[in-house]
Structure formats: structure tokens, C-alpha cells
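For reference, target-v7.txt (compact mmCIF, C-alpha atoms and all ligand atoms):
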# COMPACT_ATOMS: atom_id res chain seq x y z
CA TYR A 1 53.14 -67.80 104.59
CA ASP A 2 54.51 -67.26 101.13
CA HIS A 3 57.18 -64.64 101.94
CA LYS A 4 59.29 -63.77 98.94
CA LYS A 5 62.07 -66.32 98.77
CA GLY A 6 64.83 -63.96 97.60
CA GLY A 7 62.25 -62.40 95.28
CA ARG A 8 61.75 -58.65 95.24
CA PHE A 9 59.02 -56.84 97.11
CA SER A 10 56.67 -54.46 95.31
CA LEU A 11 54.42 -51.70 96.54
CA SER A 12 51.39 -54.00 96.39
CA ASP A 13 52.96 -56.10 99.18
CA PHE A 14 52.32 -53.18 101.59
CA ASP A 15 49.40 -51.23 103.03
CA ILE A 16 50.52 -47.57 103.14
CA GLY A 17 49.66 -45.53 106.25
CA ARG A 18 50.18 -41.94 107.40
CA PRO A 19 53.14 -39.84 106.29
CA LEU A 20 55.88 -39.80 108.98
CA GLY A 21 57.97 -37.00 107.52
CA ARG A 22 59.05 -35.27 104.38
CA GLY A 23 62.70 -35.34 103.32
CA LYS A 24 64.60 -33.57 100.56
CA PHE A 25 64.27 -36.43 98.07
CA GLY A 26 60.98 -37.96 99.08
CA SER A 27 58.64 -38.81 101.93
CA VAL A 28 58.51 -41.49 104.59
CA TYR A 29 55.28 -43.36 105.30
CA LEU A 30 54.16 -45.72 107.98
CA ALA A 31 53.47 -48.98 106.15
CA ARG A 32 52.56 -52.58 106.86
CA LEU A 33 53.80 -55.62 104.97
CA LYS A 34 50.63 -57.60 104.29
CA ASN A 35 51.97 -61.11 104.65
CA PRO A 36 53.34 -61.66 107.20
CA GLU A 37 51.92 -58.55 108.90
CA TYR A 38 54.90 -56.38 109.80
CA ILE A 39 55.05 -52.63 110.48
CA VAL A 40 57.81 -50.66 108.68
CA ALA A 41 58.71 -47.15 107.62
CA LEU A 42 58.76 -46.82 103.83
CA LYS A 43 60.91 -44.07 102.35
CA ILE A 44 59.84 -43.34 98.77
CA LEU A 45 62.48 -41.64 96.61
CA PHE A 46 62.03 -40.28 93.09
CA LYS A 47 64.70 -41.52 90.67
CA SER A 48 64.46 -38.23 88.76
CA GLN A 49 65.36 -36.20 91.87
CA LEU A 50 68.23 -38.54 92.76
CA GLN A 51 69.57 -38.27 89.20
CA SER A 52 69.36 -34.47 89.02
CA ALA A 53 71.13 -34.23 92.42
CA ARG A 54 73.65 -36.86 91.23
CA VAL A 55 73.35 -38.81 94.49
CA GLU A 56 72.53 -42.24 93.07
CA HIS A 57 76.04 -43.45 93.96
CA GLN A 58 75.55 -42.19 97.55
CA LEU A 59 72.27 -44.09 97.83
CA ARG A 60 73.83 -47.24 96.35
CA ARG A 61 76.66 -46.98 98.90
CA GLU A 62 74.17 -46.46 101.75
CA ILE A 63 72.18 -49.54 100.74
CA GLU A 64 75.38 -51.58 100.52
CA ILE A 65 76.58 -50.35 103.93
CA GLN A 66 73.22 -50.72 105.65
CA ALA A 67 72.82 -54.31 104.44
CA HIS A 68 75.66 -55.32 106.80
CA LEU A 69 74.67 -53.25 109.87
CA LYS A 70 72.58 -54.99 112.51
CA HIS A 71 72.64 -53.32 115.95
CA PRO A 72 69.99 -52.31 118.53
CA HIS A 73 70.99 -48.64 118.26
CA VAL A 74 71.28 -48.53 114.46
CA LEU A 75 68.03 -48.16 112.48
CA ARG A 76 67.73 -51.23 110.25
CA MET A 77 67.21 -51.06 106.51
CA HIS A 78 65.33 -54.35 106.00
CA THR A 79 65.40 -54.21 102.20
CA TYR A 80 64.73 -51.99 99.20
CA PHE A 81 62.97 -52.27 95.88
CA TRP A 82 62.19 -50.04 92.90
CA ASP A 83 59.72 -49.52 90.08
CA GLU A 84 59.83 -47.40 86.96
CA LYS A 85 59.97 -44.00 88.67
CA LYS A 86 60.78 -44.61 92.34
CA ILE A 87 63.08 -46.36 94.80
CA TYR A 88 61.63 -47.65 98.07
CA LEU A 89 63.66 -48.10 101.28
CA VAL A 90 62.00 -50.55 103.71
CA LEU A 91 63.16 -49.29 107.10
CA GLU A 92 62.69 -50.26 110.73
CA TYR A 93 59.89 -48.09 112.17
CA ALA A 94 60.98 -45.84 115.05
CA GLU A 95 57.77 -45.25 116.98
CA HIS A 96 58.79 -42.03 118.80
CA GLY A 97 60.22 -40.20 115.80
CA GLU A 98 63.19 -37.85 115.71
CA LEU A 99 65.35 -36.90 118.69
CA PHE A 100 65.29 -33.44 117.10
CA ARG A 101 61.59 -33.09 117.96
CA GLN A 102 62.10 -34.24 121.55
CA LEU A 103 64.86 -31.61 121.95
CA GLN A 104 62.62 -28.93 120.40
CA ASP A 105 59.72 -29.88 122.69
CA ARG A 106 61.88 -29.86 125.83
CA GLY A 107 64.40 -27.11 124.99
CA ARG A 108 67.24 -29.05 126.56
CA LEU A 109 67.62 -32.51 128.17
CA SER A 110 68.72 -33.55 131.68
CA GLU A 111 72.25 -34.81 132.28
CA GLY A 112 70.85 -38.27 133.13
CA ARG A 113 68.87 -38.64 129.92
CA THR A 114 71.69 -37.14 127.82
CA ALA A 115 74.30 -39.49 129.33
CA GLU A 116 72.08 -42.50 128.52
CA TYR A 117 71.62 -41.26 124.93
CA ILE A 118 75.34 -40.57 124.44
CA TYR A 119 76.21 -44.03 125.80
CA GLN A 120 73.83 -45.61 123.23
CA MET A 121 75.26 -43.53 120.36
CA ALA A 122 78.85 -44.33 121.39
CA ASP A 123 77.85 -48.03 121.39
CA ALA A 124 76.30 -47.69 117.89
CA LEU A 125 79.32 -45.77 116.53
CA SER A 126 81.79 -48.23 118.07
CA TYR A 127 79.93 -51.01 116.20
CA CYS A 128 79.97 -49.04 112.91
CA HIS A 129 83.66 -48.11 113.23
CA LYS A 130 84.59 -51.75 113.88
CA LYS A 131 82.98 -52.41 110.46
CA ASN A 132 85.03 -49.55 109.03
CA VAL A 133 81.90 -47.44 108.46
CA ILE A 134 81.89 -43.74 109.37
CA HIS A 135 78.45 -42.12 109.58
CA ARG A 136 79.55 -38.49 108.90
CA ASP A 137 76.11 -36.97 109.47
CA ILE A 138 75.35 -37.36 113.18
CA LYS A 139 72.81 -34.77 114.37
CA PRO A 140 69.47 -34.88 116.25
CA GLU A 141 67.54 -35.03 112.95
CA ASN A 142 69.27 -38.31 112.07
CA ILE A 143 68.70 -39.97 115.44
CA LEU A 144 65.33 -41.66 115.95
CA ILE A 145 63.64 -42.97 119.08
CA GLY A 146 62.37 -46.57 119.31
CA SER A 147 59.38 -47.97 121.16
CA ASP A 148 61.30 -48.33 124.47
CA GLY A 149 62.75 -44.81 124.25
CA GLU A 150 66.05 -46.17 122.94
CA LEU A 151 68.00 -44.23 120.28
CA LYS A 152 68.50 -45.45 116.72
CA LEU A 153 71.29 -43.95 114.62
CA SER A 154 69.72 -43.41 111.22
CA ASP A 155 70.21 -42.18 107.64
CA PHE A 156 73.55 -43.46 106.36
CA GLY A 157 73.10 -41.37 103.20
CA TRP A 158 76.44 -39.65 103.92
CA SER A 159 78.27 -42.67 105.37
CA VAL A 160 81.44 -44.05 103.80
CA HIS A 161 84.11 -46.60 104.44
CA ALA A 162 87.01 -44.98 106.31
CA PRO A 163 89.33 -43.26 105.43
CA SER A 164 87.66 -40.93 103.00
CA LYS A 165 88.07 -37.79 100.97
CA ARG A 166 84.61 -36.24 100.69
CA ARG A 167 83.79 -35.43 97.05
CA ALA A 168 80.11 -34.35 97.11
CA THR A 169 79.51 -30.78 98.24
CA LEU A 170 78.24 -30.56 101.78
CA CYS A 171 74.77 -29.15 102.19
CA GLY A 172 72.89 -28.32 105.37
CA THR A 173 74.34 -27.30 108.70
CA LEU A 174 78.09 -27.07 109.28
CA ASP A 175 77.51 -27.15 113.05
CA TYR A 176 78.52 -30.79 113.38
CA LEU A 177 81.56 -30.72 111.12
CA PRO A 178 85.06 -31.11 112.62
CA PRO A 179 87.97 -28.84 111.59
CA GLU A 180 89.42 -31.45 109.20
CA MET A 181 86.15 -31.60 107.21
CA VAL A 182 85.53 -27.87 107.36
CA ASN A 183 89.03 -27.46 105.86
CA GLY A 184 88.46 -30.19 103.24
CA LYS A 185 91.20 -32.49 104.58
CA PRO A 186 91.11 -36.31 104.33
CA HIS A 187 89.19 -37.60 107.33
CA GLY A 188 88.56 -40.82 109.23
CA GLU A 189 86.21 -42.18 111.85
CA HIS A 190 87.23 -39.43 114.30
CA VAL A 191 84.75 -37.13 112.57
CA ASP A 192 81.96 -39.11 114.28
CA ILE A 193 83.64 -38.67 117.68
CA TRP A 194 83.75 -34.89 117.19
CA ALA A 195 80.06 -34.97 116.18
CA LEU A 196 79.28 -36.98 119.34
CA GLY A 197 80.82 -34.11 121.32
CA VAL A 198 78.69 -31.57 119.46
CA LEU A 199 75.61 -33.75 120.06
CA THR A 200 76.35 -34.03 123.82
CA TYR A 201 76.64 -30.25 124.08
CA GLU A 202 73.50 -29.61 122.00
CA LEU A 203 71.34 -32.03 124.04
CA LEU A 204 72.45 -30.42 127.32
CA VAL A 205 72.34 -26.77 126.19
CA GLY A 206 69.68 -26.80 123.41
CA LYS A 207 71.99 -25.47 120.70
CA PRO A 208 75.31 -26.61 119.21
CA PRO A 209 78.57 -25.14 120.64
CA PHE A 210 79.79 -23.24 117.54
CA GLU A 211 76.46 -22.05 116.17
CA CYS A 212 76.57 -18.73 114.31
CA ASP A 213 74.17 -16.93 112.03
CA ASP A 214 76.52 -17.28 109.07
CA GLU A 215 78.68 -20.14 107.81
CA SER A 216 82.01 -18.33 107.69
CA ARG A 217 81.72 -17.35 111.36
CA THR A 218 80.68 -20.95 112.26
CA LYS A 219 83.74 -22.26 110.37
CA ARG A 220 85.97 -19.79 112.27
CA ARG A 221 84.52 -20.88 115.62
CA ILE A 222 84.93 -24.57 114.74
CA ASN A 223 88.58 -23.93 113.88
CA LYS A 224 89.12 -21.86 117.01
CA GLY A 225 87.48 -24.58 119.10
CA VAL A 226 86.63 -22.40 122.12
CA ILE A 227 83.62 -23.88 123.97
CA GLU A 228 81.45 -21.73 126.25
CA PHE A 229 79.57 -23.77 128.86
CA PRO A 230 76.48 -22.38 130.63
CA ARG A 231 76.85 -22.44 134.45
CA TYR A 232 74.42 -25.36 134.89
CA ILE A 233 76.67 -27.83 133.00
CA SER A 234 78.45 -30.15 135.49
CA ASN A 235 82.24 -30.41 135.52
CA GLU A 236 82.13 -34.09 134.48
CA ALA A 237 79.97 -33.21 131.44
CA ARG A 238 82.38 -30.38 130.53
CA ASP A 239 85.28 -32.84 130.84
CA LEU A 240 83.72 -35.35 128.41
CA ILE A 241 82.69 -32.68 125.86
CA THR A 242 86.17 -31.12 125.97
CA ARG A 243 87.82 -34.53 125.40
CA LEU A 244 85.56 -35.14 122.36
CA LEU A 245 85.96 -31.69 120.76
CA LYS A 246 89.73 -31.86 120.31
CA LYS A 247 90.98 -30.19 117.12
CA LYS A 248 93.45 -33.00 116.44
CA PRO A 249 91.41 -36.09 115.41
CA GLU A 250 93.74 -38.57 117.10
CA GLU A 251 93.43 -36.70 120.46
CA ARG A 252 89.65 -37.25 120.64
CA LEU A 253 88.52 -39.70 123.34
CA PRO A 254 88.09 -43.24 121.88
CA LEU A 255 84.48 -44.48 121.93
CA GLU A 256 85.27 -47.31 124.32
CA GLU A 257 86.52 -44.69 126.82
CA VAL A 258 83.40 -42.54 126.27
CA MET A 259 81.27 -45.48 127.38
CA VAL A 260 83.12 -45.72 130.72
CA HIS A 261 83.67 -41.97 131.29
CA PRO A 262 82.80 -40.98 134.93
CA TRP A 263 79.95 -38.69 133.76
CA ILE A 264 78.37 -41.56 131.78
CA VAL A 265 78.91 -44.19 134.52
CA LYS A 266 77.60 -41.90 137.30
CA ASN A 267 74.44 -41.00 135.36
CA LEU A 268 73.74 -44.54 134.16
CA GLU A 269 73.98 -45.80 137.75
CA LYS A 270 71.44 -43.20 138.87
CA ARG A 271 69.00 -44.23 136.10
CA LYS A 272 68.96 -47.93 136.99
O1 LIG B 301 60.31 -39.93 108.65
C1 LIG B 301 60.69 -39.13 109.46
O2 LIG B 301 60.87 -37.91 109.26
C2 LIG B 301 61.01 -39.62 110.77
N1 LIG B 301 60.55 -40.97 111.10
N2 LIG B 301 59.67 -41.15 112.09
C3 LIG B 301 59.62 -42.45 112.40
C4 LIG B 301 60.49 -43.13 111.56
N3 LIG B 301 60.84 -44.44 111.48
C5 LIG B 301 61.73 -44.79 110.56
N4 LIG B 301 62.31 -43.93 109.68
C6 LIG B 301 61.96 -42.62 109.73
N5 LIG B 301 62.49 -41.78 108.81
C7 LIG B 301 63.43 -42.21 107.79
C8 LIG B 301 64.82 -42.30 108.36
C9 LIG B 301 65.81 -42.71 107.31
C10 LIG B 301 66.65 -43.79 107.38
N6 LIG B 301 67.47 -43.92 106.33
C11 LIG B 301 67.32 -42.98 105.42
N7 LIG B 301 68.10 -42.96 104.27
C12 LIG B 301 67.94 -42.01 103.31
O3 LIG B 301 67.08 -41.14 103.36
N8 LIG B 301 68.83 -42.13 102.28
C13 LIG B 301 68.91 -41.31 101.19
C14 LIG B 301 67.83 -40.58 100.72
C15 LIG B 301 68.02 -39.78 99.57
C16 LIG B 301 69.24 -39.71 98.93
C17 LIG B 301 70.28 -40.45 99.45
CL1 LIG B 301 71.82 -40.36 98.69
C18 LIG B 301 70.13 -41.24 100.56
S1 LIG B 301 66.10 -41.89 105.85
C19 LIG B 301 61.06 -42.18 110.71
Go ahead and express the file in the form of C-alpha cells.
Amino acid sequence: YDHKKGGRFSLSDFDIGRPLGRGKFGSVYLARLKNPEYIVALKILFKSQLQSARVEHQLRREIEIQAHLKHPHVLRMHTYFWDEKKIYLVLEYAEHGELFRQLQDRGRLSEGRTAEYIYQMADALSYCHKKNVIHRDIKPENILIGSDGELKLSDFGWSVHAPSKRRATLCGTLDYLPPEMVNGKPHGEHVDIWALGVLTYELLVGKPPFECDDESRTKRRINKGVIEFPRYISNEARDLITRLLKKKPEERLPLEEVMVHPWIVKNLEKRK
């Protein structure tokens, strides 16, 4: 087949299918490369919207970072191309959509399923951190589910090379931000470990640990760092979450130790 030897793709190389979701800067469609036949997710972004939000540099950095990431629990960006008005991201298709929707449908997840998911995310983050990439936007909306039910860390639109001083204004939920980011301090890869702790709590409980109806109260709770666990959360799960949600970045449990934590090991054994 005459696949493009280093040449650029164009929209006419794809059949476009149903919309998969709508984002802030554009929509994602199921699509199929015509030759060879290959299913992808195609995110279509409007240059005008990227320019007015001044995020072109963020997108350029994401494309650069994603080009070097290849891991079973990281959603691949196969390639990208553009035309006069739009930029197209050719992404791995995650058949079962967002983890966010699964959590909404179920309310909260079992300790077994959550432990398996957290193991996979710790594995993905350990891989990214070894490549000096911090994701910085871990939350159920940015985690997709593949055809075998495996998790795919996705959307590196906020990722950077560590260490970093965030410049763009944060938008969206503060729930996943660690104290050092909430207080605008320089931050490193430990921000992802904090977010992994928030994710573990949210999957088990159905809402994040410091959630409040207004931002200033959420910021206060993040800085205070007091975690209330519902009765049904096991002691081992509480232990892991507490070791991840340490105020001091360097005190947070290293990812390699997360992957062998008793709560993870016990639940992975049971799932075999
Ligand atoms: O579409 C859905 O709602 C869910 N869905 N369901 C299945 C499925 N399979 C694959 N991908 C999906 N969604 C796209 C996930 C992304 C990955 N990478 C991104 N990067 C990005 O948006 N970057 C970006 C955008 C605008 C500005 C800047 Cl600065 C950066 S989005 C899927």
C-alpha cells in the first residue's frame, strides 16, 4: 500500500465517523485511515480558537512530548496534520471512552478495580517521569479506557518537562492540584503523585477529597490536607492515599513503591 513515506496526511486520507466528544477547542471524531484501513480518533482543532486562547505553544509542546511517548497505558498520538483553518490530532482510539463516564455510571468503583487502575496509572506515570515529562492534568476526564478495559493516560495539553514554573492561568477544577501548584510555587513530577492520590480517593468514594462549592474553600482544604474517609474504605487503601497526599512533595510515596504497596498487591492477586 502507498502509505505516506514521511509525507503529510490530509483529511481526504480518512473516512470520518461519529463524534466521540466535544472539547473546549474542538471535537473528536471516530475516523478510519483509508489505506491501510486503520481506526483512529481524530481531534479537530480550530487555529482561530487556539490563537485567541494563546495556547498554540502548549499544543506544540504536547505534540513534541507525545511524539516520544509509547506505552500501553499512555494514549498514543500517531501523528498530526493541518490545513488552512484547522489542526488535526490523529490519536489512538480508546473504545470504552472516558473513565469519568464509568465513574458517573457506577457512582464509585470497587477496591479491586480501583487498585488495578491505580497500578496502571502509576506504571504510565513512572514511564513519563523517567522521560522527564510531568502530565499535570490527571483526572478521570483525561483517562480513557481501551478495548480490553485497560486505562490510557490521555491529553498531554498541560504536560511539561520537569521542573516547571506554570505560566498559563489554570482553568477548570482545582480539585487535583497539590499545595505547591495552588500556591504558585515551582513544581516537579510530584504533582502527578499527589493527583494519583486524589484519583484513588475519587474512584473509591465518587468525589475528590477536598471538593468544595467554591475555589477559595477548596484551596484552603488542599492546604490543610485533612482527608475524611467514609467507613467503607479499607485501612490499606487509607494508608496508600495518605502516603500520596503528603503536603511536602518529596514525602509523597515514589511511584515504584505505589506499584508494590500492600493494597495494590493484595487486590491484584485477587483479580488474577
Ligand atoms: O473524545 C472524547 O471525549 C473521548 N474519547 N472517546 C474515545 C476516545 N479515543 C481517543 N481519544 C478521545 N478523546 C481525545 C483525547 C485526547 C488526547 N489528546 C488530546 N490533546 C488535546 O486535546 N490537546 C489540546 C487541545 C487543545 C489545545 C491544546 Cl493546548 C491541547 S485530547 C476519545
When the cut-off is 6 Å and you count only C-alpha atoms and all ligand atoms, which residues lie near ligand LIG 301 (chain B), shown as an MDAnalysis selection string? chainID A and resid 20:22 25 28 41 55:56 58:59 91:95 97:98 154:157
Generate a file of the selected residues that holds C-alpha atoms, formatted as a CSV table (one decimal), in the coordinates of the input.
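Saved file out.csv follows:
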chain,number,residue,atom,x,y,z
A,20,LEU,CA,55.9,-39.8,109.0
A,21,GLY,CA,58.0,-37.0,107.5
A,22,ARG,CA,59.0,-35.3,104.4
A,25,PHE,CA,64.3,-36.4,98.1
A,28,VAL,CA,58.5,-41.5,104.6
A,41,ALA,CA,58.7,-47.2,107.6
A,55,VAL,CA,73.4,-38.8,94.5
A,56,GLU,CA,72.5,-42.2,93.1
A,58,GLN,CA,75.6,-42.2,97.6
A,59,LEU,CA,72.3,-44.1,97.8
A,91,LEU,CA,63.2,-49.3,107.1
A,92,GLU,CA,62.7,-50.3,110.7
A,93,TYR,CA,59.9,-48.1,112.2
A,94,ALA,CA,61.0,-45.8,115.0
A,95,GLU,CA,57.8,-45.2,117.0
A,97,GLY,CA,60.2,-40.2,115.8
A,98,GLU,CA,63.2,-37.8,115.7
A,154,SER,CA,69.7,-43.4,111.2
A,155,ASP,CA,70.2,-42.2,107.6
A,156,PHE,CA,73.6,-43.5,106.4
A,157,GLY,CA,73.1,-41.4,103.2
| message | Show me, as an MDAnalysis selection string, the residues that have an atom within 7 Å of segment 244-254 of chain A when counting only C-alpha atoms, minus same-chain residues fewer than 3 positions from it. | response | chainID A and resid 179 190 193:194 197 225 240:241 257:258
*Rank nothing, just name the residue among A:Gly146, A:Pro140, A:Pro262, A:Gly7 nearest to Val74 of chain A, using all atoms listed in the file.*
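Going through A:Gly146, A:Pro140, A:Pro262, A:Gly7 one by one, the smallest distance to Val74 of chain A is for A:Gly146.
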Next item on the list: Would you list the residues near (77.8, -23.3, 119.8), meaning any protein, DNA or RNA residue with an atom at most 9 Å from that point in file coordinates, counting only C-alpha atoms, as a VMD selection string?
Entry: chain A and resid 175 198 201 to 202 207 to 212 218 221 to 222 227 to 228
I want to know what sits within 9 Å of Asp83 of chain A, based on only C-alpha atoms, with residues of the same chain fewer than 4 positions away left out; could you give that as a PyMOL selection string? chain A and resi 10-11+87-88
Residue selection dump (C-alpha atoms) as a compact mmCIF listing (two decimals), in the frame of the given file:
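Result file follows (selection-v1.txt):
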# COMPACT_ATOMS: atom_id res chain seq x y z
CA SER A 10 56.67 -54.46 95.31
CA LEU A 11 54.42 -51.70 96.54
CA ILE A 87 63.08 -46.36 94.80
CA TYR A 88 61.63 -47.65 98.07
#### Entry: Between atom CA of His161 of chain A and atom CA of Val133 of chain A, distance in Å (one decimal)
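Interatomic distance here is 4.7 Å.
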A straight line from atom CA of Leu89 of chain A to atom CA of Met77 of chain A spans 7.0 Å
Around (51.6, -49.6, 102.7) in the file's own coordinates, what residues are found within 10 Å if you use all atoms listed in the file, given back as a PDB file with C-alpha atoms, keeping the file's coordinate frame?
ATOM      1  CA  LEU A  11      54.420 -51.700  96.540  1.00  0.00           C
ATOM      2  CA  SER A  12      51.390 -54.000  96.390  1.00  0.00           C
ATOM      3  CA  ASP A  13      52.960 -56.100  99.180  1.00  0.00           C
ATOM      4  CA  PHE A  14      52.320 -53.180 101.590  1.00  0.00           C
ATOM      5  CA  ASP A  15      49.400 -51.230 103.030  1.00  0.00           C
ATOM      6  CA  ILE A  16      50.520 -47.570 103.140  1.00  0.00           C
ATOM      7  CA  GLY A  17      49.660 -45.530 106.250  1.00  0.00           C
ATOM      8  CA  ARG A  18      50.180 -41.940 107.400  1.00  0.00           C
ATOM      9  CA  TYR A  29      55.280 -43.360 105.300  1.00  0.00           C
ATOM     10  CA  LEU A  30      54.160 -45.720 107.980  1.00  0.00           C
ATOM     11  CA  ALA A  31      53.470 -48.980 106.150  1.00  0.00           C
ATOM     12  CA  ARG A  32      52.560 -52.580 106.860  1.00  0.00           C
ATOM     13  CA  LEU A  33      53.800 -55.620 104.970  1.00  0.00           C
ATOM     14  CA  LYS A  34      50.630 -57.600 104.290  1.00  0.00           C
ATOM     15  CA  ILE A  39      55.050 -52.630 110.480  1.00  0.00           C
ATOM     16  CA  VAL A  40      57.810 -50.660 108.680  1.00  0.00           C
ATOM     17  CA  ALA A  41      58.710 -47.150 107.620  1.00  0.00           C
ATOM     18  CA  LEU A  42      58.760 -46.820 103.830  1.00  0.00           C
TER      19      LEU A  42
END
Worksheet item: How many Å separate atom CA of Arg108 of chain A from atom CA of Lys219 of chain A?
Response: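 Atom CA of Lys219 of chain A lies at a distance of 24.1 Å from atom CA of Arg108 of chain A.
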Counting all atoms listed in the file, closest pick from A:Leu204, A:Ser164, A:Arg243, A:His73 relative to Glu180 of chain A is A:Ser164
Give the answer as one residue: which of A:Gly206, A:Asn223, A:Leu174, A:His68 has the shortest atom-to-atom distance to Asp105 of chain A, using all atoms listed in the file?
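Distance minimum relative to Asp105 of chain A lands on A:Gly206.
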